[in-house]
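**Student:** Provided below: model-v2.txt, containing compact mmCIF, C-alpha atoms.
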```
# COMPACT_ATOMS: atom_id res chain seq x y z
CA MET Z 75 26.68 345.21 26.35
CA ALA Z 76 30.37 344.80 26.99
CA ARG Z 77 32.22 347.54 28.83
CA MET Z 78 35.91 347.11 28.21
CA LYS Z 79 38.33 347.34 31.12
CA PHE Z 80 41.81 346.23 32.15
CA LEU Z 81 42.57 344.64 35.51
CA CYS Z 82 46.08 343.82 36.69
CA ASP Z 83 46.61 341.31 39.48
CA ALA Z 84 49.65 342.62 41.38
CA GLU Z 85 50.07 339.23 43.10
CA ARG Z 86 50.72 337.60 39.76
CA CYS Z 87 52.63 340.17 37.76
CA ILE Z 88 56.25 339.09 37.52
CA GLU Z 89 57.51 342.18 35.67
CA CYS Z 90 58.37 340.19 32.56
CA ASN Z 91 57.26 343.08 30.34
CA GLY Z 92 55.61 340.60 27.99
CA CYS Z 93 52.57 342.90 27.78
CA VAL Z 94 54.77 345.84 26.82
CA THR Z 95 56.47 343.78 24.13
CA ALA Z 96 53.19 342.35 22.86
CA CYS Z 97 51.73 345.85 22.58
CA LYS Z 98 54.76 347.28 20.81
CA ASN Z 99 54.88 344.39 18.38
CA GLU Z 100 51.16 344.16 17.66
CA ASN Z 101 50.70 347.88 17.06
CA GLU Z 102 54.17 348.67 15.72
CA VAL Z 103 54.45 351.47 18.24
CA PRO Z 104 57.25 353.89 17.34
CA TRP Z 105 60.52 354.12 19.22
CA GLY Z 106 60.21 356.20 22.39
CA VAL Z 107 56.47 355.61 22.82
CA ASN Z 108 55.22 353.10 25.35
CA ARG Z 109 51.50 352.60 25.34
CA ARG Z 110 51.91 350.16 28.21
CA ARG Z 111 54.57 349.81 30.86
CA VAL Z 112 55.18 347.84 34.03
CA VAL Z 113 55.55 349.76 37.28
CA THR Z 114 57.30 348.09 40.22
CA VAL Z 115 57.23 349.30 43.82
CA ASN Z 116 59.46 348.16 46.70
CA ASP Z 117 61.90 346.78 44.18
CA GLY Z 118 64.11 344.12 45.72
CA ILE Z 119 62.39 344.02 49.11
CA GLU Z 120 61.46 340.42 49.79
CA GLY Z 121 57.73 339.95 50.14
CA ALA Z 122 56.91 343.57 49.46
CA GLU Z 123 57.82 343.90 45.80
CA LYS Z 124 54.77 344.39 43.62
CA SER Z 125 54.52 345.01 39.93
CA MET Z 126 51.63 346.25 37.88
CA SER Z 127 51.09 346.72 34.20
CA VAL Z 128 49.71 350.18 33.43
CA ALA Z 129 48.25 351.72 30.29
CA CYS Z 130 45.16 353.73 29.45
CA MET Z 131 42.46 352.45 31.80
CA HIS Z 132 39.65 353.59 29.50
CA CYS Z 133 38.07 355.55 32.33
CA SER Z 134 34.31 355.77 32.54
CA ASP Z 135 34.63 359.51 33.14
CA ALA Z 136 37.91 360.14 31.39
CA PRO Z 137 39.80 363.30 32.46
CA CYS Z 138 41.66 363.42 29.14
CA MET Z 139 38.33 363.82 27.37
CA ALA Z 140 37.37 366.61 29.76
CA VAL Z 141 40.50 368.70 29.24
CA CYS Z 142 41.15 368.26 25.53
CA PRO Z 143 40.87 371.75 23.98
CA VAL Z 144 40.11 370.40 20.49
CA ASP Z 145 37.75 367.65 21.68
CA CYS Z 146 39.59 364.92 19.82
CA PHE Z 147 38.54 362.11 22.17
CA TYR Z 148 35.51 359.90 21.92
CA LYS Z 149 34.15 356.91 23.75
CA THR Z 150 32.76 353.93 21.92
CA GLN Z 151 29.66 351.97 22.84
CA ASP Z 152 31.81 349.29 24.44
CA GLY Z 153 33.51 351.84 26.69
CA VAL Z 154 36.82 352.26 24.87
CA VAL Z 155 38.32 355.76 24.97
CA LEU Z 156 39.79 356.60 21.57
CA HIS Z 157 41.03 359.74 19.90
CA ASP Z 158 41.26 361.23 16.44
CA LYS Z 159 44.86 362.03 15.53
CA ASP Z 160 43.68 364.30 12.73
CA LEU Z 161 42.21 366.61 15.36
CA CYS Z 162 44.94 366.28 18.02
CA ILE Z 163 47.27 369.27 18.25
CA GLY Z 164 49.77 367.58 20.59
CA CYS Z 165 49.31 370.16 23.35
CA GLY Z 166 49.87 367.65 26.14
CA TYR Z 167 46.96 368.67 28.37
CA CYS Z 168 45.71 365.08 28.40
CA PHE Z 169 49.09 363.93 29.68
CA TYR Z 170 48.81 366.27 32.68
CA ALA Z 171 45.21 365.24 33.32
CA CYS Z 172 45.72 361.49 33.08
CA PRO Z 173 46.45 359.87 36.48
CA PHE Z 174 48.11 356.92 34.75
CA GLY Z 175 50.46 358.78 32.40
CA ALA Z 176 48.87 357.00 29.48
CA PRO Z 177 49.13 359.65 26.75
CA GLN Z 178 52.46 359.46 24.96
CA PHE Z 179 54.05 361.91 22.55
CA PRO Z 180 56.54 360.89 19.89
CA GLN Z 181 59.62 363.10 19.93
CA ALA Z 182 61.18 362.77 16.52
CA GLY Z 183 63.08 366.01 16.19
CA ALA Z 184 66.24 367.30 17.82
CA PHE Z 185 64.52 370.31 19.38
CA GLY Z 186 61.95 368.68 21.62
CA LEU Z 187 59.41 368.38 18.83
CA ARG Z 188 56.21 366.91 20.23
CA GLY Z 189 54.04 364.92 17.88
CA LYS Z 190 50.41 363.97 18.10
CA MET Z 191 49.33 362.03 21.13
CA ASP Z 192 49.46 358.25 21.05
CA LYS Z 193 47.93 355.95 23.62
CA CYS Z 194 46.50 352.49 24.19
CA THR Z 195 43.45 351.95 21.99
CA PHE Z 196 42.38 348.71 23.69
CA CYS Z 197 43.43 347.31 20.29
CA ALA Z 198 40.36 349.02 18.81
CA GLY Z 199 42.02 351.20 16.16
CA GLY Z 200 40.63 354.64 15.46
CA PRO Z 201 38.31 356.62 13.21
CA GLU Z 202 39.76 355.27 9.95
CA PRO Z 203 38.00 352.32 8.29
CA ASP Z 204 38.46 349.19 10.38
CA ARG Z 205 41.41 346.94 9.47
CA SER Z 206 42.62 349.48 6.90
CA GLU Z 207 46.26 350.35 6.26
CA ALA Z 208 45.59 353.96 7.31
CA GLU Z 209 44.12 352.84 10.62
CA PHE Z 210 47.02 350.52 11.32
CA LYS Z 211 49.61 353.20 10.59
CA LYS Z 212 47.98 355.74 12.90
CA TYR Z 213 46.55 353.63 15.70
CA GLY Z 214 47.77 350.08 15.32
CA ARG Z 215 45.87 346.84 15.06
CA ASN Z 216 42.09 346.72 15.43
CA ARG Z 217 41.75 343.41 17.22
CA LEU Z 218 38.26 344.08 18.55
CA SER Z 219 36.96 344.20 14.99
CA GLU Z 220 38.54 340.77 14.52
CA GLY Z 221 36.73 339.39 17.56
CA LYS Z 222 39.92 339.37 19.62
CA LEU Z 223 40.95 341.05 22.85
CA PRO Z 224 43.98 343.29 23.46
CA ALA Z 225 47.26 341.57 22.69
CA CYS Z 226 48.82 342.55 26.04
CA ALA Z 227 46.18 340.73 28.08
CA GLU Z 228 45.97 337.73 25.81
CA MET Z 229 49.76 337.36 25.80
CA CYS Z 230 50.21 337.70 29.58
CA SER Z 231 52.04 334.56 30.67
CA THR Z 232 50.78 334.51 34.27
CA LYS Z 233 47.39 335.94 33.36
CA ALA Z 234 48.07 338.81 35.74
CA LEU Z 235 46.74 341.25 33.19
CA LEU Z 236 43.11 340.67 32.36
CA GLY Z 237 41.42 342.67 29.65
CA GLY Z 238 37.93 342.59 28.24
CA ASP Z 239 34.37 342.94 29.40
CA GLY Z 240 34.45 344.40 32.92
CA ASP Z 241 31.91 341.98 34.35
CA THR Z 242 33.68 338.96 32.90
CA ILE Z 243 37.16 339.90 34.12
CA ALA Z 244 35.74 340.82 37.53
CA ASP Z 245 34.24 337.30 37.71
CA ILE Z 246 37.60 335.76 36.77
CA TYR Z 247 39.40 337.81 39.41
CA ARG Z 248 36.77 337.07 42.06
CA GLN Z 249 37.08 333.34 41.48
CA ARG Z 250 40.86 333.62 41.63
CA VAL Z 251 40.81 335.49 44.93
CA THR Z 252 38.35 332.98 46.38
CA VAL Z 253 40.56 330.04 45.38
CA ARG Z 254 43.79 331.47 46.71
CA GLY Z 255 42.16 332.74 49.88
CA LYS Z 256 43.65 335.10 52.37
CA GLY Z 257 47.23 335.68 51.47
CA ALA Z 258 48.51 338.11 54.06
CA GLU Z 259 50.98 335.65 55.57
CA VAL Z 260 52.11 334.01 52.38
CA TRP Z 261 53.50 335.49 49.24
CA GLY Z 262 54.80 334.30 45.94
CA TRP Z 263 53.30 331.23 44.29
CA GLY Z 264 50.91 330.53 47.15
CA THR Z 265 49.33 333.96 46.97
CA ALA Z 266 49.26 334.03 43.21
CA TYR Z 267 47.95 330.56 42.47
CA GLY Z 268 46.53 329.26 45.71
CA PRO Z 269 47.81 326.66 48.15
CA PRO Z 270 49.31 323.46 46.74
CA LYS Z 271 47.00 320.48 46.40
CA GLY Z 272 47.19 317.61 48.86
CA GLY Z 273 49.37 319.54 51.27
CA LYS Z 274 52.45 319.09 49.08
CA SER Z 275 54.64 322.10 48.59
CA MET N 15 3.33 369.54 62.25
CA LYS N 16 7.02 370.06 63.00
CA ALA N 17 7.60 366.32 63.09
CA ARG N 18 5.93 365.95 59.71
CA ILE N 19 8.23 368.61 58.22
CA VAL N 20 11.24 366.84 59.68
CA VAL N 21 10.08 363.53 58.19
CA VAL N 22 9.49 365.12 54.78
CA VAL N 23 12.90 366.85 54.86
CA LEU N 24 14.62 363.63 55.92
CA ALA N 25 12.84 361.67 53.20
CA ALA N 26 13.83 364.27 50.63
CA ALA N 27 17.42 364.22 51.88
CA GLY N 28 17.38 360.42 51.66
CA LEU N 29 16.18 360.56 48.09
CA VAL N 30 18.90 363.05 47.21
CA ALA N 31 21.50 360.85 48.90
CA LEU N 32 20.25 357.82 46.98
CA GLN N 33 21.02 359.63 43.74
CA GLY N 34 24.66 358.88 44.45
CA CYS N 35 23.96 355.16 44.22
CA GLY N 36 22.64 355.47 40.71
CA GLU N 37 24.64 355.02 37.58
CA LYS N 38 24.59 357.34 34.66
CA PRO N 39 24.53 355.60 31.28
CA GLN N 40 28.18 355.53 30.23
CA ALA N 41 27.80 354.09 26.77
CA THR N 42 27.69 356.91 24.34
CA ALA N 43 25.30 357.34 21.48
CA TYR N 44 26.34 356.24 18.04
CA GLN N 45 24.56 358.37 15.48
CA HIS N 46 25.06 358.64 11.73
CA GLY N 47 28.27 356.62 11.93
CA LYS N 48 29.82 358.96 14.47
CA TYR N 49 30.71 359.04 18.16
CA GLN N 50 30.53 362.61 19.44
CA GLY N 51 31.24 363.87 15.95
CA LYS N 52 34.12 361.49 15.28
CA PRO N 53 33.54 358.81 12.64
CA ASP N 54 34.17 355.18 13.57
CA THR N 55 32.78 351.77 12.84
CA PRO N 56 31.60 349.53 15.66
CA PRO N 57 33.61 346.28 15.76
CA TRP N 58 30.50 344.16 15.14
CA ASP N 59 30.01 345.86 11.78
CA ASN N 60 32.91 343.83 10.42
CA ALA N 61 32.70 340.29 9.16
CA PRO N 62 34.49 337.77 11.38
CA LEU N 63 37.84 336.55 10.16
CA ALA N 64 37.86 333.09 8.65
CA TYR N 65 40.41 331.78 11.12
CA THR N 66 38.97 333.12 14.39
CA GLY N 67 37.76 329.79 15.61
CA ASN N 68 37.74 330.02 19.39
CA SER N 69 34.04 329.79 19.87
CA VAL N 70 31.52 327.60 18.17
CA ASN N 71 29.31 330.47 17.14
CA GLN N 72 31.01 333.23 15.24
CA TRP N 73 29.33 336.60 15.29
CA THR N 74 27.09 337.83 12.55
CA LYS N 75 28.13 341.05 10.85
CA GLY N 76 26.09 343.92 12.24
CA ASP N 77 24.73 341.96 15.20
CA GLN N 78 26.08 343.56 18.37
CA LYS N 79 24.82 340.83 20.67
CA SER N 80 26.49 338.02 18.77
CA TRP N 81 29.79 339.96 18.76
CA THR N 82 29.50 340.62 22.51
CA ASP N 83 28.85 336.91 23.10
CA GLU N 84 31.89 336.01 21.01
CA ILE N 85 34.08 338.46 22.95
CA LYS N 86 32.80 337.20 26.31
CA THR N 87 33.47 333.60 25.27
CA ARG N 88 36.99 334.53 24.27
CA ASN N 89 37.35 336.53 27.48
CA LYS N 90 36.75 333.41 29.53
CA PHE N 91 39.88 331.83 28.05
CA GLN N 92 41.80 334.20 30.34
CA ASN N 93 40.47 332.18 33.26
CA GLU N 94 42.88 329.29 33.65
CA TYR N 95 40.61 327.57 36.18
CA VAL N 96 38.18 327.07 33.31
CA ARG N 97 40.82 326.50 30.66
CA ILE N 98 42.92 323.86 32.38
CA GLY N 99 40.62 322.80 35.20
CA ASP N 100 40.66 323.54 38.89
```
Could I get this file's structure written as structure tokens?
**Tutor:**
Amino acid sequence: MARMKFLCDAERCIECNGCVTACKNENEVPWGVNRRRVVTVNDGIEGAEKSMSVACMHCSDAPCMAVCPVDCFYKTQDGVVLHDKDLCIGCGYCFYACPFGAPQFPQAGAFGLRGKMDKCTFCAGGPEPDRSEAEFKKYGRNRLSEGKLPACAEMCSTKALLGGDGDTIADIYRQRVTVRGKGAEVWGWGTAYGPPKGGKS
Amino acid sequence: MKARIVVVVLAAAGLVALQGCGEKPQATAYQHGKYQGKPDTPPWDNAPLAYTGNSVNQWTKGDQKSWTDEIKTRNKFQNEYVRIGD
């Protein structure tokens, strides 16, 4: 059985925000809501700058599920944490509980109006019938039901962001780390993609 | 006698400690079309799209294993060492 996870390779992420754009476009996420964003640390410091794409990590023991007062969350058989917007009251507890800041709240009004929570669905839609108009409007595209993986991971130009079955992406990452070897002294292309072939740089 | 008690206590403590190495089943039960009371349809209960042609074998509607195989096959396309060669 697949257990869906995201994995971001900080050595490869170039902060292009392609994943953010892919997510916004694929799911027609409203203005002001970012289901995915890229976080950069040590910005501008040569050799120390690292970026990482962050969204809902679909935790195995999700804190948002634990704190939700109306129990609107559920976890699917393939490990995707989803929620029912018809039950959500927009209280924001999940936002405080989430270590990744994944839950987002649309603010449409002029007086700090907080709408129902919106977050990454691993492109798995929600409780509405799969691939229906209602599902798309509330939760975005249901790519898993189409046999596809999340748009952010599939669109990633450097393949820094991996998404899919946890075992499979762990295998991909393991192979990558083995090929590129120890990268403490080098950074940039060498660390991300391994040493050049034939000693040519 | 004392030594035997110590051995039994240590063995019991070891067993308790080993519990931490176990893994609770994380996949939740899907009963009567619902996950924890919320209705949803598993992705494999949909027919594959006509144009999803990445893998040779498309999944069969309702067959979880064939859908998982399809997803894992597609997943491997994220590995450029496989996709474009080493």
**Student:** Kindly assemble as CSV a list of the chain Z residues that lie within 9 Å of chain N, each paired with its nearest atom pair and their distance in Å to one decimal, using all atoms listed in the file, sorted first by chain and then by ascending residue number.
**Tutor:**
```
residue,atom,partner,partner_atom,distance
Z:Met75,CA,N:Thr82,CA,6.6
Z:Ala76,CA,N:Thr82,CA,6.2
Z:Arg77,CA,N:Ala41,CA,8.2
Z:Ser134,CA,N:Gln40,CA,6.6
Z:Asp135,CA,N:Gln40,CA,8.1
Z:Cys146,CA,N:Lys52,CA,7.9
Z:Phe147,CA,N:Lys52,CA,8.2
Z:Tyr148,CA,N:Tyr49,CA,6.2
Z:Lys149,CA,N:Thr42,CA,6.5
Z:Thr150,CA,N:Thr42,CA,6.4
Z:Gln151,CA,N:Ala41,CA,4.8
Z:Asp152,CA,N:Ala41,CA,6.7
Z:Gly153,CA,N:Ala41,CA,6.1
Z:His157,CA,N:Lys52,CA,8.5
Z:Asp158,CA,N:Lys52,CA,7.2
Z:Ala198,CA,N:Pro57,CA,7.9
Z:Gly200,CA,N:Asp54,CA,6.8
Z:Pro201,CA,N:Asp54,CA,4.4
Z:Glu202,CA,N:Asp54,CA,6.7
Z:Pro203,CA,N:Thr55,CA,6.9
Z:Asp204,CA,N:Thr55,CA,6.7
Z:Asn216,CA,N:Pro57,CA,8.5
Z:Arg217,CA,N:Pro57,CA,8.8
Z:Leu218,CA,N:Pro57,CA,5.9
Z:Ser219,CA,N:Pro57,CA,4.0
Z:Glu220,CA,N:Pro62,CA,5.9
Z:Gly221,CA,N:Ile85,CA,6.1
Z:Lys222,CA,N:Ile85,CA,6.8
Z:Leu223,CA,N:Ile85,CA,7.3
Z:Ala227,CA,N:Gln92,CA,8.2
Z:Glu228,CA,N:Gln92,CA,7.1
Z:Lys233,CA,N:Gln92,CA,6.6
Z:Leu236,CA,N:Gln92,CA,6.9
Z:Gly237,CA,N:Asn89,CA,7.7
Z:Gly238,CA,N:Asn89,CA,6.1
Z:Asp239,CA,N:Lys86,CA,6.7
Z:Thr242,CA,N:Lys86,CA,6.9
Z:Ile243,CA,N:Asn89,CA,7.4
Z:Ile246,CA,N:Asn93,CA,5.8
Z:Tyr247,CA,N:Asn93,CA,8.4
Z:Gln249,CA,N:Tyr95,CA,8.6
Z:Arg250,CA,N:Tyr95,CA,8.1
```
**Student:** Please determine, counting only C-alpha atoms, which residue among Z:Arg86, Z:Gly92, Z:Cys194, Z:Tyr213 has the shortest atom-to-atom distance to Thr232 in chain Z.
**Tutor:** Z:Arg86
**Student:** Enter the distance from CA of Cys168 in chain Z to CA of Arg109 in chain Z, in Å, rounded to one decimal.
**Tutor:**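 CA of Arg109 in chain Z lies 14.1 Å from CA of Cys168 in chain Z.
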**Student:** Could you list, as a VMD selection string, every residue within 8 Å of Thr195 in chain Z, counting all atoms listed in the file and ignoring same-chain residues fewer than 6 positions away?
**Tutor:** chain Z and resid 130 154 to 156 213
**Student:** Between CA of Leu235 in chain Z and CA of Asp77 in chain N, what is the distance, to one decimal in Å?
**Tutor:** 28.4 Å
**Student:** Excluding same-chain residues fewer than 2 positions from Phe169 in chain Z, what lies within 12 Å of it counting only C-alpha atoms, as a list in words?
**Tutor:**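 Neighbouring residues, sequence-local ones excluded: Cys130, Ala136, Pro137, Cys138, Met139, Val141, Cys142, Gly164, Cys165, Gly166, Tyr167, Ala171, Cys172, Pro173, Phe174, Gly175, Ala176, Pro177, Gln178, Phe179, Lys190, Met191, Asp192 and Lys193 of chain Z.
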**Student:** Do you know which residues lie at most 7 Å from (45.7, 349.1, 30.0), with coordinates as in the file and all atoms listed in the file counted, and could you write them as a ChimeraX atom specification?
**Tutor:** /Z:80,110,128-131,194
